[in-house]
file query24.txt (compact mmCIF, C-alpha atoms)
# COMPACT_ATOMS: atom_id res chain seq x y z
CA MET A 1248 -1.29 -12.68 -2.62
CA MET A 1249 -3.76 -10.21 -1.12
CA ARG A 1250 -7.08 -8.59 -1.88
CA LEU A 1251 -6.93 -5.47 -4.02
CA ASP A 1252 -8.87 -3.33 -1.53
CA ARG A 1253 -6.51 -4.38 1.27
CA PHE A 1254 -3.51 -3.49 -0.90
CA LEU A 1255 -4.92 0.00 -1.48
CA GLY A 1256 -5.71 0.45 2.20
CA GLU A 1257 -2.22 -0.56 3.30
CA ASN A 1258 -0.80 1.98 0.89
CA GLY A 1259 -2.73 4.87 2.39
CA PHE A 1260 -5.82 5.14 0.17
CA GLY A 1261 -8.28 5.13 3.04
CA THR A 1262 -10.66 2.68 4.66
CA ARG A 1263 -11.77 -0.57 3.04
CA GLN A 1264 -15.03 1.08 2.00
CA GLU A 1265 -13.23 4.07 0.48
CA CYS A 1266 -10.99 1.74 -1.49
CA LYS A 1267 -13.97 -0.25 -2.75
CA LYS A 1268 -15.56 2.99 -3.97
CA MET A 1269 -12.38 3.89 -5.89
CA ILE A 1270 -12.49 0.50 -7.59
CA ARG A 1271 -16.19 0.78 -8.44
CA ASN A 1272 -15.48 4.17 -10.01
CA GLY A 1273 -12.92 2.63 -12.37
CA ARG A 1274 -9.95 4.50 -10.92
CA VAL A 1275 -7.86 1.39 -10.25
CA LYS A 1276 -6.07 -0.73 -12.83
CA VAL A 1277 -4.30 -4.07 -12.42
CA ASN A 1278 -1.74 -4.77 -15.14
CA ASN A 1279 -3.29 -2.06 -17.34
CA CYS A 1280 -6.85 -3.45 -17.01
CA ILE A 1281 -9.53 -1.62 -15.04
CA ALA A 1282 -10.32 -3.62 -11.90
CA LYS A 1283 -13.92 -4.80 -11.73
CA GLU A 1284 -14.06 -6.25 -8.22
CA SER A 1285 -12.48 -5.15 -4.93
CA ASP A 1286 -11.87 -8.68 -3.67
CA ILE A 1287 -9.73 -9.91 -6.57
CA ARG A 1288 -6.38 -11.37 -5.51
CA ILE A 1289 -3.22 -9.65 -6.66
CA ASN A 1290 0.47 -10.40 -6.38
CA GLU A 1291 1.51 -7.29 -4.50
CA GLU A 1292 5.17 -7.65 -5.45
CA ASN A 1293 4.79 -8.38 -9.18
CA ASP A 1294 1.45 -7.01 -10.42
CA VAL A 1295 1.35 -3.43 -11.69
CA ILE A 1296 -1.27 -1.45 -9.75
CA THR A 1297 -2.21 2.12 -10.66
CA VAL A 1298 -4.68 4.61 -9.21
CA ASP A 1299 -5.70 7.37 -11.62
CA ASN A 1300 -2.86 6.08 -13.84
CA VAL A 1301 -0.25 6.67 -11.10
CA LEU A 1302 1.88 3.62 -10.23
CA ILE A 1303 1.51 2.44 -6.62
CA GLU A 1304 4.66 1.00 -5.09
CA TYR A 1305 3.94 -1.74 -2.57
CA GLU A 1306 5.20 -1.09 0.97
CA LYS A 1307 5.79 -4.40 2.70
CA PHE A 1308 7.08 -2.77 5.86
CA HIS A 1309 5.88 0.37 7.61
CA TYR A 1310 7.91 2.63 9.91
CA LEU A 1311 6.31 5.35 12.02
CA MET A 1312 7.54 7.80 14.64
CA LEU A 1313 4.99 8.45 17.41
CA ASN A 1314 5.19 11.06 20.14
CA LYS A 1315 3.65 8.93 22.87
CA PRO A 1316 1.45 10.81 25.33
CA LYS A 1317 1.09 9.96 29.01
CA ASP A 1318 -1.38 7.29 30.18
CA TYR A 1319 -1.21 5.17 27.01
CA VAL A 1320 0.11 1.61 27.09
CA CYS A 1321 2.20 -0.03 24.39
CA SER A 1322 0.14 -3.22 24.28
CA ALA A 1323 -3.10 -3.69 22.39
CA HIS A 1324 -4.34 -6.31 24.84
CA GLU A 1325 -4.53 -4.64 28.28
CA LEU A 1326 -8.20 -4.41 29.18
CA GLY A 1327 -9.39 -1.01 30.30
CA GLN A 1328 -6.24 0.73 29.05
CA GLU A 1329 -5.81 3.14 26.15
CA SER A 1330 -3.40 1.62 23.62
CA ILE A 1331 -0.98 3.62 21.51
CA LEU A 1332 -2.41 1.76 18.49
CA SER A 1333 -5.66 3.70 18.94
CA LEU A 1334 -3.69 6.81 17.96
CA ILE A 1335 -2.67 5.35 14.58
CA HIS A 1336 -5.23 6.01 11.86
CA GLU A 1337 -3.66 3.84 9.15
CA THR A 1338 -5.42 0.71 7.95
CA TYR A 1339 -2.36 -1.35 8.89
CA ALA A 1340 -2.28 -0.09 12.50
CA LEU A 1341 -3.01 -3.46 14.09
CA ASP A 1342 0.00 -4.99 12.31
CA LEU A 1343 2.37 -2.58 14.05
CA PHE A 1344 4.34 -3.02 17.26
CA PRO A 1345 6.75 -0.72 19.11
CA ILE A 1346 10.50 -1.21 19.00
CA GLY A 1347 11.13 -0.96 22.72
CA ARG A 1348 8.14 -0.22 24.92
CA LEU A 1349 7.59 2.79 27.16
CA ASP A 1350 5.82 2.67 30.51
CA LYS A 1351 2.31 4.07 30.80
CA ASP A 1352 3.58 7.25 32.46
CA THR A 1353 6.62 7.66 30.17
CA VAL A 1354 6.24 9.88 27.10
CA GLY A 1355 8.14 10.64 23.92
CA LEU A 1356 9.68 8.74 21.06
CA LEU A 1357 8.25 5.42 19.95
CA ILE A 1358 9.17 3.72 16.69
CA LEU A 1359 6.35 1.54 15.37
CA THR A 1360 6.84 -1.02 12.63
CA ASN A 1361 5.83 -4.43 11.29
CA ASP A 1362 9.48 -5.23 10.48
CA GLY A 1363 10.28 -7.98 12.98
CA GLN A 1364 13.85 -8.44 11.79
CA LEU A 1365 14.69 -4.77 12.40
CA SER A 1366 13.03 -4.87 15.81
CA HIS A 1367 15.02 -7.94 16.82
CA MET A 1368 18.25 -6.33 15.63
CA LEU A 1369 17.70 -3.08 17.54
CA LEU A 1370 16.58 -4.77 20.76
CA ALA A 1371 19.28 -7.46 20.83
CA PRO A 1372 21.35 -6.95 24.02
CA SER A 1373 24.57 -7.38 22.05
CA LYS A 1374 23.80 -4.33 19.89
CA HIS A 1375 23.84 -1.79 22.78
CA VAL A 1376 21.63 0.61 20.82
CA GLU A 1377 21.68 4.09 22.35
CA LYS A 1378 18.50 5.54 23.84
CA GLU A 1379 18.38 9.05 25.25
CA TYR A 1380 15.91 10.38 27.83
CA GLU A 1381 14.96 13.67 29.44
CA VAL A 1382 14.41 13.16 33.18
CA GLN A 1383 12.73 15.27 35.85
CA LEU A 1384 13.85 14.48 39.40
CA ARG A 1385 12.34 14.89 42.87
CA GLU A 1386 15.68 15.93 44.39
CA GLU A 1387 18.63 17.85 43.01
CA LEU A 1388 21.14 15.89 40.96
CA ARG A 1389 24.34 15.12 42.84
CA GLU A 1390 27.84 14.65 41.42
CA GLU A 1391 28.15 11.21 43.02
CA THR A 1392 25.06 10.10 41.09
CA ILE A 1393 26.68 11.14 37.83
CA GLU A 1394 29.76 9.12 38.79
CA ALA A 1395 27.65 6.11 39.77
CA PHE A 1396 25.83 6.10 36.41
CA ALA A 1397 29.20 6.21 34.63
CA CYS A 1398 30.34 3.07 36.48
CA GLY A 1399 27.13 1.05 36.38
CA ILE A 1400 24.69 0.53 39.24
CA ASP A 1401 23.39 -2.48 41.15
CA ILE A 1402 19.59 -2.30 40.75
CA GLY A 1403 18.90 -5.79 42.07
CA ASP A 1404 19.37 -7.75 38.85
CA ASP A 1405 21.85 -10.56 38.24
CA LYS A 1406 24.48 -8.02 37.28
CA PRO A 1407 24.94 -4.24 37.50
CA THR A 1408 23.77 -1.99 34.69
CA LEU A 1409 26.12 -1.04 31.91
CA PRO A 1410 27.74 2.39 32.28
CA ALA A 1411 25.31 5.14 31.32
CA GLN A 1412 25.87 8.80 30.50
CA LEU A 1413 24.18 11.24 32.90
CA VAL A 1414 24.45 15.01 32.51
CA GLN A 1415 22.57 17.79 34.23
CA GLY A 1416 19.85 19.55 32.25
CA ALA A 1417 18.68 23.14 32.39
CA THR A 1418 18.16 22.94 36.17
CA SER A 1419 19.59 20.86 38.99
CA LYS A 1420 16.43 18.72 38.97
CA GLU A 1421 16.60 17.95 35.25
CA ALA A 1422 18.92 15.52 33.52
CA LEU A 1423 19.74 13.76 30.27
CA VAL A 1424 20.42 10.02 30.43
CA THR A 1425 21.84 7.89 27.63
CA LEU A 1426 21.44 4.12 28.01
CA HIS A 1427 22.95 1.25 26.02
CA GLU A 1428 20.51 -1.38 27.25
CA GLY A 1429 16.83 -1.58 28.14
CA ARG A 1430 16.00 -3.21 31.45
CA PHE A 1431 12.61 -3.04 33.17
CA HIS A 1432 12.05 0.46 34.64
CA GLN A 1433 15.82 0.91 34.38
CA ILE A 1434 16.17 4.68 34.75
CA LYS A 1435 13.72 4.84 37.64
CA ARG A 1436 15.53 2.01 39.43
CA MET A 1437 18.96 3.55 38.83
CA PHE A 1438 17.93 6.85 40.39
CA GLU A 1439 16.15 5.04 43.21
CA ALA A 1440 19.41 3.24 43.99
CA CYS A 1441 20.99 6.70 44.24
CA ASN A 1442 18.30 7.96 46.65
CA ASN A 1443 16.44 10.07 44.13
CA GLU A 1444 13.07 9.71 42.40
CA VAL A 1445 12.08 10.14 38.77
CA ILE A 1446 8.88 12.20 38.48
CA GLY A 1447 8.96 12.69 34.70
CA LEU A 1448 10.53 10.69 31.87
CA LYS A 1449 10.62 11.35 28.14
CA ARG A 1450 12.50 9.42 25.47
CA ILE A 1451 13.93 11.78 22.86
CA ARG A 1452 16.24 9.56 20.79
CA MET A 1453 16.78 5.95 19.75
CA LYS A 1454 19.91 5.31 17.72
CA ASN A 1455 19.76 7.90 14.89
CA ILE A 1456 16.05 8.70 15.31
CA VAL A 1457 15.41 11.95 17.20
CA LEU A 1458 11.89 12.86 18.31
CA ASP A 1459 10.47 15.37 15.83
CA GLU A 1460 9.85 18.59 17.75
CA ASN A 1461 6.92 19.35 15.42
CA LEU A 1462 5.00 16.26 16.57
CA GLU A 1463 2.43 17.05 19.25
CA PRO A 1464 1.78 14.33 21.87
CA GLY A 1465 -0.34 11.65 20.22
CA SER A 1466 0.79 12.60 16.70
CA TYR A 1467 2.91 10.52 14.35
CA ARG A 1468 4.60 10.56 10.96
CA LYS A 1469 6.33 8.12 8.64
CA LEU A 1470 10.08 7.78 8.95
CA SER A 1471 12.05 9.13 6.03
CA GLU A 1472 14.13 6.83 3.84
CA GLU A 1473 17.25 8.37 5.36
CA GLU A 1474 16.02 7.65 8.89
CA ILE A 1475 15.17 4.06 7.97
CA ARG A 1476 18.62 3.52 6.44
CA GLY A 1477 20.20 4.85 9.63
CA LEU A 1478 18.15 2.49 11.79
CA LYS A 1479 19.23 -0.43 9.68
CA GLY A 1480 22.85 0.61 9.94
CA ASN A 1481 23.30 1.29 6.25
CA GLU A 1482 24.89 4.69 6.70
call {"tool": "encode", "arguments": {"input": "query24.txt", "output": "structure tokens"}}
result
Amino acid sequence: MMRLDRFLGENGFGTRQECKKMIRNGRVKVNNCIAKESDIRINEENDVITVDNVLIEYEKFHYLMLNKPKDYVCSAHELGQESILSLIHETYALDLFPIGRLDKDTVGLLILTNDGQLSHMLLAPSKHVEKEYEVQLREELREETIEAFACGIDIGDDKPTLPAQLVQGATSKEALVTLHEGRFHQIKRMFEACNNEVIGLKRIRMKNIVLDENLEPGSYRKLSEEEIRGLKGNE
């Protein structure tokens, strides 16, 4: 059960105040009866809610693609730091969390959701979900580094990294890296072990989700039903 104004807000009808105004103006019906109060409790899964006589389907889970800009952190609780959640203008923003964090200075694709089961599935080490990154390097990429990535690298953890795909990009100081795991600062540490330094890092893909080239840094959009099905492994 939830308040009617919260239900409307979570389904994209604006702020709590905007939703209350819609209700006061008689635009909202619950089970074919005009709602009188904004704080009435509804069963979001069974009650029939309409706005201007259009049926509103309840969205229990939300899935967004964000093009993360530099200097934003993925936590909402780091004092003095700009959080990625401040970029989300939906009423349910504080319920969201990223599937796989990015460092403060790393940019690109973030998937935000409130679907804990999906997050757990995608981040489970046994799943080996692919993540692809564009990398800018301090030094030129060497062939022996490509070979080392393909074999796995000792970065000081209990065991070497899994093999990763590394190919040169448009220049000898640019590269594409595909990982099948997600260790702390993994790409930076792998290149450091190969006597090179990462000076720019951008995630461009996670599983089937490719960063939308139309999204400016700091912008976001909802995932399509097809993208969601792909994430869940249903296609």
call {"tool": "atom_distance", "arguments": {"input": "query24.txt", "atom1": "atom CA of Phe1396 of chain A", "atom2": "atom CA of Ile1456 of chain A"}}
result
23.4 Å
call {"tool": "residues_around", "arguments": {"input": "query24.txt", "residues": "segment 1331-1344 of chain A", "least_positions_apart": "5", "cutoff": "7 Å", "atoms": "only C-alpha atoms", "output": "count of residues only"}}
result
12
call {"tool": "atom_distance", "arguments": {"input": "query24.txt", "atom1": "atom CA of Ile1446 of chain A", "atom2": "atom CA of Leu1370 of chain A"}}
result
25.7 Å
call {"tool": "atom_distance", "arguments": {"input": "query24.txt", "atom1": "atom CA of Val1457 of chain A", "atom2": "atom CA of Thr1392 of chain A"}}
result
25.8 Å
call {"tool": "residues_around", "arguments": {"input": "query24.txt", "residues": "Lys1283 of chain A", "least_positions_apart": "4", "cutoff": "12 Å", "atoms": "all atoms listed in the file", "output": "PyMOL selection string"}}
result
chain A and resi 1251-1252+1267-1277+1287-1288
call {"tool": "closest_residue", "arguments": {"input": "query24.txt", "among": "A:Gln1264, A:Gln1328, A:Asn1258, A:Ser1322", "to": "Tyr1305 of chain A", "atoms": "all atoms listed in the file"}}
result
A:Asn1258
call {"tool": "closest_atom_pairs", "arguments": {"input": "query24.txt", "of": "segment 1333-1417 of chain A", "to": "segment 1428-1439 of chain A", "cutoff": "12 Å", "atoms": "only C-alpha atoms", "output": "CSV"}}
result
residue,atom,partner,partner_atom,distance
A:Ile1346,CA,A:Gly1429,CA,11.1
A:Gly1347,CA,A:Gly1429,CA,7.9
A:Arg1348,CA,A:Gly1429,CA,9.4
A:Leu1349,CA,A:His1432,CA,9.0
A:Asp1350,CA,A:His1432,CA,7.8
A:Lys1351,CA,A:His1432,CA,11.1
A:Asp1352,CA,A:His1432,CA,11.1
A:Thr1353,CA,A:His1432,CA,10.1
A:Leu1369,CA,A:Glu1428,CA,10.3
A:Leu1370,CA,A:Gly1429,CA,8.0
A:Ala1371,CA,A:Glu1428,CA,8.9
A:Pro1372,CA,A:Glu1428,CA,6.5
A:Ser1373,CA,A:Glu1428,CA,8.9
A:Lys1374,CA,A:Glu1428,CA,8.6
A:His1375,CA,A:Glu1428,CA,5.6
A:Val1376,CA,A:Glu1428,CA,6.8
A:Glu1377,CA,A:Glu1428,CA,7.4
A:Lys1378,CA,A:Glu1428,CA,8.0
A:Glu1379,CA,A:Ile1434,CA,10.7
A:Tyr1380,CA,A:Ile1434,CA,9.0
A:Glu1381,CA,A:Ile1434,CA,10.5
A:Val1382,CA,A:Ile1434,CA,8.8
A:Gln1383,CA,A:Lys1435,CA,10.6
A:Leu1384,CA,A:Phe1438,CA,8.7
A:Arg1385,CA,A:Phe1438,CA,10.1
A:Glu1386,CA,A:Phe1438,CA,10.2
A:Glu1387,CA,A:Phe1438,CA,11.3
A:Leu1388,CA,A:Phe1438,CA,9.6
A:Arg1389,CA,A:Phe1438,CA,10.7
A:Glu1391,CA,A:Phe1438,CA,11.4
A:Thr1392,CA,A:Phe1438,CA,7.9
A:Ile1393,CA,A:Phe1438,CA,10.1
A:Ala1395,CA,A:Met1437,CA,9.1
A:Phe1396,CA,A:Met1437,CA,7.7
A:Ala1397,CA,A:Met1437,CA,11.4
A:Cys1398,CA,A:Met1437,CA,11.6
A:Gly1399,CA,A:Met1437,CA,8.9
A:Ile1400,CA,A:Met1437,CA,6.5
A:Asp1401,CA,A:Met1437,CA,7.8
A:Ile1402,CA,A:Arg1436,CA,6.1
A:Gly1403,CA,A:Arg1436,CA,8.9
A:Asp1404,CA,A:Arg1430,CA,9.3
A:Asp1405,CA,A:Arg1430,CA,11.6
A:Lys1406,CA,A:Arg1430,CA,11.4
A:Pro1407,CA,A:Met1437,CA,9.9
A:Thr1408,CA,A:Glu1428,CA,8.1
A:Leu1409,CA,A:Glu1428,CA,7.3
A:Pro1410,CA,A:Glu1428,CA,9.6
A:Ala1411,CA,A:Glu1428,CA,9.1
A:Gln1412,CA,A:Ile1434,CA,11.4
A:Leu1413,CA,A:Ile1434,CA,10.5
call {"tool": "axis_aligned_box", "arguments": {"input": "query24.txt", "around": "segment 1260-1274 of chain A", "padding_each_side": "6 Å", "output": "AutoDock Vina command-line options"}}
result
--center_x -11.0 --center_y 2.3 --center_z -3.9 --size_x 22.4 --size_y 17.7 --size_z 29.0
call {"tool": "closest_residue", "arguments": {"input": "query24.txt", "among": "A:Val1295, A:Gly1363, A:Glu1421, A:Leu1311", "to": "Leu1462 of chain A", "atoms": "all atoms listed in the file"}}
result
A:Leu1311
call {"tool": "closest_residue", "arguments": {"input": "query24.txt", "among": "A:Met1249, A:Ile1281, A:Glu1394, A:Met1312", "to": "Ile1358 of chain A", "atoms": "only C-alpha atoms"}}
result
A:Met1312
